[in-house]
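Colleague: Next up, run-v9.csv (CSV, C-alpha atoms).
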```csv
chain,number,residue,atom,x,y,z
A,15,MET,CA,-15.1,190.3,-111.8
A,16,THR,CA,-16.2,187.7,-109.3
A,17,GLU,CA,-13.6,187.0,-106.7
A,18,VAL,CA,-12.3,183.4,-106.6
A,19,PRO,CA,-12.0,181.9,-103.2
A,20,GLU,CA,-8.5,181.6,-101.8
A,21,HIS,CA,-8.6,177.8,-101.4
A,22,LEU,CA,-9.6,177.3,-105.0
A,23,LEU,CA,-6.7,179.6,-106.2
A,24,ARG,CA,-4.3,177.6,-104.1
A,25,ARG,CA,-5.5,174.3,-105.5
A,26,SER,CA,-5.3,175.6,-109.0
A,27,GLN,CA,-1.7,176.8,-108.4
A,28,GLU,CA,-0.8,173.4,-107.0
A,29,ARG,CA,-2.1,171.7,-110.1
A,30,ARG,CA,-0.3,174.1,-112.4
A,31,ALA,CA,2.9,173.5,-110.5
A,32,ALA,CA,2.4,169.7,-110.8
A,33,LEU,CA,2.0,170.1,-114.6
A,34,GLY,CA,5.1,172.3,-114.9
A,35,LEU,CA,3.2,175.4,-115.8
A,36,GLY,CA,4.7,177.5,-113.1
A,37,GLY,CA,3.0,179.7,-110.5
A,38,GLY,CA,3.2,177.0,-107.8
A,39,GLY,CA,4.9,177.1,-104.3
A,40,ALA,CA,5.0,179.5,-101.5
A,41,GLY,CA,7.8,181.6,-103.0
A,42,GLY,CA,6.4,182.0,-106.4
A,43,ALA,CA,5.5,185.1,-108.4
A,44,SER,CA,3.3,187.7,-106.9
A,45,SER,CA,-0.4,187.6,-106.9
A,46,GLU,CA,-0.4,190.5,-109.4
A,47,SER,CA,1.6,188.6,-112.0
A,48,ALA,CA,-0.4,185.4,-111.5
A,49,ALA,CA,-3.7,187.2,-111.5
A,50,PRO,CA,-4.3,187.0,-115.3
A,51,SER,CA,-3.5,183.3,-115.5
A,52,ASP,CA,-5.4,182.5,-112.3
A,53,ALA,CA,-8.4,184.5,-113.5
A,54,ALA,CA,-8.4,182.4,-116.7
A,55,ALA,CA,-8.1,179.2,-114.7
A,56,ALA,CA,-10.8,180.3,-112.2
A,57,PRO,CA,-13.8,179.0,-114.2
A,58,ALA,CA,-12.2,175.6,-114.7
A,59,ALA,CA,-11.2,175.4,-111.1
A,60,ALA,CA,-14.6,176.5,-110.0
A,61,GLU,CA,-16.1,173.9,-112.2
A,62,ALA,CA,-13.8,171.2,-110.9
A,63,ALA,CA,-14.5,172.3,-107.3
A,64,SER,CA,-18.2,172.3,-107.8
A,65,SER,CA,-18.0,168.8,-109.3
A,66,GLU,CA,-16.0,167.7,-106.3
A,67,VAL,CA,-17.8,169.6,-103.6
A,68,ALA,CA,-21.4,169.5,-104.8
A,69,PRO,CA,-23.2,166.5,-103.3
A,70,ALA,CA,-24.7,164.0,-105.6
A,71,PRO,CA,-28.5,164.3,-105.9
A,72,ALA,CA,-30.2,161.9,-103.5
A,73,ALA,CA,-31.9,159.0,-105.0
A,74,VAL,CA,-35.6,159.5,-105.0
A,75,ALA,CA,-37.4,156.4,-103.8
A,76,THR,CA,-40.1,155.5,-106.1
A,77,ALA,CA,-43.1,153.5,-104.9
A,78,PRO,CA,-43.6,150.2,-106.6
A,79,VAL,CA,-46.3,150.1,-109.2
A,80,VAL,CA,-49.1,147.9,-108.1
A,81,GLU,CA,-51.3,146.6,-110.8
A,82,ASP,CA,-55.0,146.3,-110.2
A,83,VAL,CA,-55.9,142.7,-109.5
A,84,GLU,CA,-59.5,141.5,-109.6
A,85,VAL,CA,-60.3,139.7,-106.4
A,86,TYR,CA,-62.9,136.9,-106.7
A,87,VAL,CA,-65.7,137.4,-104.2
A,88,PRO,CA,-67.9,134.3,-103.9
A,89,PRO,CA,-71.7,134.9,-104.2
A,90,PRO,CA,-73.6,134.8,-101.0
A,91,ALA,CA,-75.0,131.3,-100.1
A,92,PRO,CA,-78.8,131.0,-100.8
A,93,ALA,CA,-81.0,131.2,-97.8
A,94,ARG,CA,-82.1,127.8,-96.4
A,95,ARG,CA,-85.8,127.2,-97.0
A,96,ILE,CA,-86.0,123.9,-95.0
A,97,PRO,CA,-85.0,124.2,-91.3
A,98,LEU,CA,-82.2,121.9,-90.1
A,99,TRP,CA,-84.4,120.0,-87.7
A,100,VAL,CA,-86.6,118.8,-90.6
A,101,TYR,CA,-83.9,116.5,-92.0
A,102,PRO,CA,-83.7,114.0,-89.1
A,103,VAL,CA,-87.5,113.9,-89.1
A,104,LEU,CA,-87.6,113.1,-92.8
A,105,ALA,CA,-85.0,110.4,-92.2
A,106,VAL,CA,-87.1,108.7,-89.5
A,107,LEU,CA,-90.4,109.1,-91.3
A,108,PRO,CA,-90.1,105.9,-93.5
A,109,LEU,CA,-89.3,103.8,-90.4
A,110,TRP,CA,-92.3,105.3,-88.6
A,111,VAL,CA,-94.7,104.4,-91.5
A,112,PHE,CA,-93.4,100.9,-91.6
A,113,VAL,CA,-93.9,100.5,-87.8
A,114,TYR,CA,-97.4,102.1,-88.0
A,115,PHE,CA,-98.7,99.8,-90.7
A,116,GLY,CA,-97.0,96.8,-89.2
A,117,ALA,CA,-98.8,97.4,-85.9
A,118,TYR,CA,-102.2,98.8,-87.1
A,119,GLY,CA,-102.4,97.9,-90.7
A,120,THR,CA,-104.7,95.3,-92.2
A,121,ARG,CA,-103.3,91.9,-91.8
A,122,GLU,CA,-104.3,89.0,-93.9
A,123,SER,CA,-105.0,86.0,-91.7
A,124,GLY,CA,-104.8,82.4,-92.8
A,125,PRO,CA,-107.9,80.3,-93.6
A,126,VAL,CA,-110.3,79.9,-90.7
A,127,ASP,CA,-111.7,76.5,-89.8
A,128,PRO,CA,-115.4,76.5,-90.8
A,129,LEU,CA,-116.3,74.6,-87.6
A,130,VAL,CA,-114.5,77.2,-85.5
A,131,LEU,CA,-116.2,80.0,-87.4
A,132,GLY,CA,-119.6,78.2,-87.2
A,133,ALA,CA,-119.3,77.7,-83.5
A,134,GLU,CA,-118.7,81.4,-83.0
A,135,VAL,CA,-121.6,82.4,-85.2
A,136,PHE,CA,-123.9,79.9,-83.4
A,137,GLN,CA,-123.2,81.6,-80.1
A,138,THR,CA,-123.2,85.3,-81.3
A,139,ALA,CA,-126.0,85.3,-83.9
A,140,GLY,CA,-128.7,84.1,-81.5
A,141,CYS,CA,-128.9,80.4,-82.4
A,142,ALA,CA,-127.8,79.3,-79.0
A,143,GLY,CA,-130.4,81.5,-77.3
A,144,CYS,CA,-133.2,79.5,-78.8
A,145,HIS,CA,-131.8,76.0,-79.5
A,146,GLY,CA,-129.6,75.9,-76.4
A,147,ALA,CA,-125.8,76.4,-76.0
A,148,ASN,CA,-125.2,72.8,-77.2
A,149,GLY,CA,-128.1,72.6,-79.7
A,150,GLN,CA,-130.1,70.4,-77.3
A,151,GLY,CA,-133.3,72.3,-78.0
A,152,GLN,CA,-135.6,74.0,-75.5
A,153,GLY,CA,-139.4,74.7,-75.4
A,154,ASP,CA,-140.9,74.9,-78.8
A,155,PHE,CA,-137.4,75.3,-80.4
A,156,PRO,CA,-136.3,71.9,-81.8
A,157,ALA,CA,-133.0,70.2,-81.0
A,158,LEU,CA,-130.2,70.4,-83.5
A,159,ASN,CA,-127.6,68.1,-82.0
A,160,ASN,CA,-127.0,64.4,-82.3
A,161,GLY,CA,-127.5,64.5,-86.0
A,162,ASP,CA,-131.1,65.8,-85.8
A,163,THR,CA,-130.5,68.4,-88.4
A,164,LEU,CA,-129.2,65.8,-90.8
A,165,LYS,CA,-132.6,64.0,-90.5
A,166,THR,CA,-134.5,67.3,-91.1
A,167,PHE,CA,-132.3,68.5,-94.0
A,168,PRO,CA,-130.5,65.6,-95.7
A,169,ASN,CA,-129.6,68.0,-98.4
A,170,VAL,CA,-127.1,70.6,-97.2
A,171,GLN,CA,-128.5,73.3,-99.6
A,172,ASP,CA,-132.0,73.0,-98.1
A,173,HIS,CA,-130.4,73.6,-94.7
A,174,ILE,CA,-128.6,76.7,-96.0
A,175,ASN,CA,-131.8,78.1,-97.5
A,176,TRP,CA,-133.6,77.5,-94.2
A,177,VAL,CA,-131.1,79.6,-92.3
A,178,LYS,CA,-131.3,82.3,-95.0
A,179,THR,CA,-135.1,82.6,-95.1
A,180,GLY,CA,-135.9,81.8,-91.5
A,181,SER,CA,-139.1,80.0,-90.2
A,182,ALA,CA,-141.6,82.9,-90.6
A,183,PRO,CA,-142.7,81.9,-94.1
A,184,PHE,CA,-143.4,78.4,-92.7
A,185,LYS,CA,-145.2,79.3,-89.6
A,186,GLY,CA,-147.7,76.5,-88.6
A,187,LYS,CA,-146.4,74.4,-91.6
A,188,PRO,CA,-144.2,71.4,-91.9
A,189,TYR,CA,-140.6,71.9,-93.2
A,190,GLY,CA,-137.7,69.7,-94.1
A,191,ASP,CA,-137.6,66.2,-95.4
A,192,PRO,CA,-141.1,64.7,-95.8
A,193,ASN,CA,-139.7,61.3,-95.2
A,194,ARG,CA,-138.0,62.3,-92.1
A,195,GLU,CA,-137.9,59.6,-89.4
A,196,GLY,CA,-140.6,60.6,-86.9
A,197,GLY,CA,-142.2,62.9,-89.4
A,198,GLN,CA,-141.6,66.4,-90.6
A,199,ARG,CA,-140.8,69.3,-88.2
A,200,ILE,CA,-143.6,71.9,-87.7
A,201,ALA,CA,-142.7,75.6,-87.5
A,202,LYS,CA,-145.0,76.3,-84.6
A,203,LEU,CA,-143.9,79.8,-83.7
A,204,GLY,CA,-142.3,81.0,-86.9
A,205,GLN,CA,-139.9,83.1,-84.9
A,206,MET,CA,-136.6,82.2,-86.5
A,207,PRO,CA,-135.4,85.4,-88.3
A,208,PRO,CA,-133.9,85.3,-91.8
A,209,PHE,CA,-130.1,85.6,-91.5
A,210,ALA,CA,-129.4,86.4,-95.2
A,211,GLY,CA,-129.2,90.1,-94.4
A,212,SER,CA,-127.2,89.8,-91.2
A,213,LEU,CA,-124.7,87.1,-91.9
A,214,THR,CA,-122.3,86.7,-94.8
A,215,GLU,CA,-122.5,83.7,-97.1
A,216,ALA,CA,-119.4,82.3,-95.5
A,217,GLN,CA,-120.9,82.7,-92.0
A,218,ILE,CA,-124.1,80.9,-93.0
A,219,GLU,CA,-122.3,78.0,-94.6
A,220,ALA,CA,-120.0,77.8,-91.5
A,221,VAL,CA,-122.9,77.7,-89.0
A,222,VAL,CA,-124.7,75.1,-91.1
A,223,GLN,CA,-121.6,72.9,-91.1
A,224,TYR,CA,-121.3,73.4,-87.4
A,225,GLU,CA,-124.9,72.3,-86.8
A,226,ARG,CA,-124.5,69.3,-89.0
A,227,GLU,CA,-121.0,68.2,-87.8
A,228,GLY,CA,-120.1,70.0,-84.6
A,229,LEU,CA,-123.2,69.5,-82.4
```
Give the structure from this file in structure tokens form.

Modeller:
Amino acid sequence: MTEVPEHLLRRSQERRAALGLGGGGAGGASSESAAPSDAAAAPAAAEAASSEVAPAPAAVATAPVVEDVEVYVPPPAPARRIPLWVYPVLAVLPLWVFVYFGAYGTRESGPVDPLVLGAEVFQTAGCAGCHGANGQGQGDFPALNNGDTLKTFPNVQDHINWVKTGSAPFKGKPYGDPNREGGQRIAKLGQMPPFAGSLTEAQIEAVVQYEREGL
């Protein structure tokens, strides 16, 4: 038989005495007489002692359950195809085009005075070199000023045709109005070149008007 510890027997005896079952106190019955009852109570006392003495099992800490959460990862930004310095250049480009065409573009000028244009053509086309800077005439080249051309060509279209064809076809022949005061002019040298291919229609009309009205 398993021997019951002394302190458990003493505690069992105290309980029995408290319940009026006898076997308690220091002067009680001998250990031999109490042995059977104590032996019967030993398992209960051992069970009670074990329940009192045995430590409670320590609580086991459990880790919290973490659910899998899907984390949103933004897609990578697309690579820039246009360098950053291009944007300010593109912003200034329309202004540059406006300034360029404003400074160098074709500009439409207003109407030009035919007499101003005619005077310019008279000096640059070679008329002044033969007939004089003021149309006063020199050598075999007749004068054009003081209304002399109006006497030679009363009809303005005849004057225009003369400038276009030149005097070469009339070399040695009279030209202009046959009823001209003082007689017709004679194309002695026939050196006046045709200006139909070197001057525009507007230039020819302008120089004719200048010779008729400006000289």

Colleague: Let me make sure I understand: among A:Trp110, A:Tyr224, A:Phe209, A:Phe136, which one has the smallest atom-to-atom distance to Thr163 (chain A) if we use only C-alpha atoms?

Modeller: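 Smallest separation from Thr163 (chain A) among the options: A:Tyr224.
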
Colleague: With distances taken over all atoms listed in the file, which of A:Gly190, A:His21, A:Asp154, A:Arg226 is nearest to Gly204 (chain A)?

Modeller: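 Answer, going by the shortest atom-to-atom distance: A:Asp154.
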
Colleague: For region 175-177 of chain A, work out the shell of residues within 8 Å, counting all atoms listed in the file and skipping chain neighbours fewer than 4 positions away, then give it as a PyMOL selection string.

Modeller: chain A and resi 171+181+208-210+218+222

Colleague: Using only C-alpha atoms, determine which residues lie at most 12 Å from Ala142 (chain A), disregarding the query and same-chain residues fewer than 6 positions distant; provide the list as a PDB file with C-alpha atoms, in the coordinates of the input.

Modeller:
```pdb
ATOM      1  CA  GLY A 132    -119.600  78.200 -87.200  1.00  0.00           C
ATOM      2  CA  ALA A 133    -119.300  77.700 -83.500  1.00  0.00           C
ATOM      3  CA  GLU A 134    -118.700  81.400 -83.000  1.00  0.00           C
ATOM      4  CA  VAL A 135    -121.600  82.400 -85.200  1.00  0.00           C
ATOM      5  CA  PHE A 136    -123.900  79.900 -83.400  1.00  0.00           C
ATOM      6  CA  ASN A 148    -125.200  72.800 -77.200  1.00  0.00           C
ATOM      7  CA  GLY A 149    -128.100  72.600 -79.700  1.00  0.00           C
ATOM      8  CA  GLN A 150    -130.100  70.400 -77.300  1.00  0.00           C
ATOM      9  CA  GLY A 151    -133.300  72.300 -78.000  1.00  0.00           C
ATOM     10  CA  GLN A 152    -135.600  74.000 -75.500  1.00  0.00           C
ATOM     11  CA  PHE A 155    -137.400  75.300 -80.400  1.00  0.00           C
ATOM     12  CA  PRO A 156    -136.300  71.900 -81.800  1.00  0.00           C
ATOM     13  CA  ALA A 157    -133.000  70.200 -81.000  1.00  0.00           C
ATOM     14  CA  LEU A 158    -130.200  70.400 -83.500  1.00  0.00           C
ATOM     15  CA  ASN A 159    -127.600  68.100 -82.000  1.00  0.00           C
ATOM     16  CA  MET A 206    -136.600  82.200 -86.500  1.00  0.00           C
ATOM     17  CA  VAL A 221    -122.900  77.700 -89.000  1.00  0.00           C
ATOM     18  CA  GLU A 225    -124.900  72.300 -86.800  1.00  0.00           C
ATOM     19  CA  LEU A 229    -123.200  69.500 -82.400  1.00  0.00           C
TER      20      LEU A 229
END
```

Colleague: Pick the closest to Glu215 (chain A) from A:Glu20, A:Val126, A:Lys178, A:Leu107: which is it, counting all atoms listed in the file?

Modeller: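 When distances to Glu215 (chain A) are compared using all atoms listed in the file, the smallest one comes from A:Lys178.
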
Colleague: For Phe184 (chain A), find every residue with an atom within 9 Å (counting all atoms listed in the file), except residues of its own chain fewer than 2 positions away, and show them as a list in words.

Modeller: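 Contacts, with the query itself left out: Gly180, Ser181, Ala182, Gly186, Lys187, Pro188, Tyr189, Ile200, Ala201, Lys202 and Gly204 of chain A.
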
Colleague: May I ask for the distance between CA of Leu131 (chain A) and CA of Ala216 (chain A), given in Å to one decimal place?

Modeller: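 According to the coordinates, CA of Leu131 (chain A) and CA of Ala216 (chain A) are separated by 9.0 Å.
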
Colleague: Can you work out which one of A:Arg95, A:Lys185, A:Gly34, A:Val130 has the shortest atom-to-atom distance to Arg199 (chain A), counting only C-alpha atoms?

Modeller: A:Lys185

Colleague: Kindly give the distance, in Å, that separates CA of Lys165 (chain A) and CA of Glu195 (chain A), rounded to a single decimal.

Modeller: 7.0 Å

Colleague: Please compute the CA of Glu219 (chain A)-CA of Pro128 (chain A) distance, one decimal, in Å.

Modeller: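 According to the coordinates, CA of Glu219 (chain A) and CA of Pro128 (chain A) are separated by 8.0 Å.
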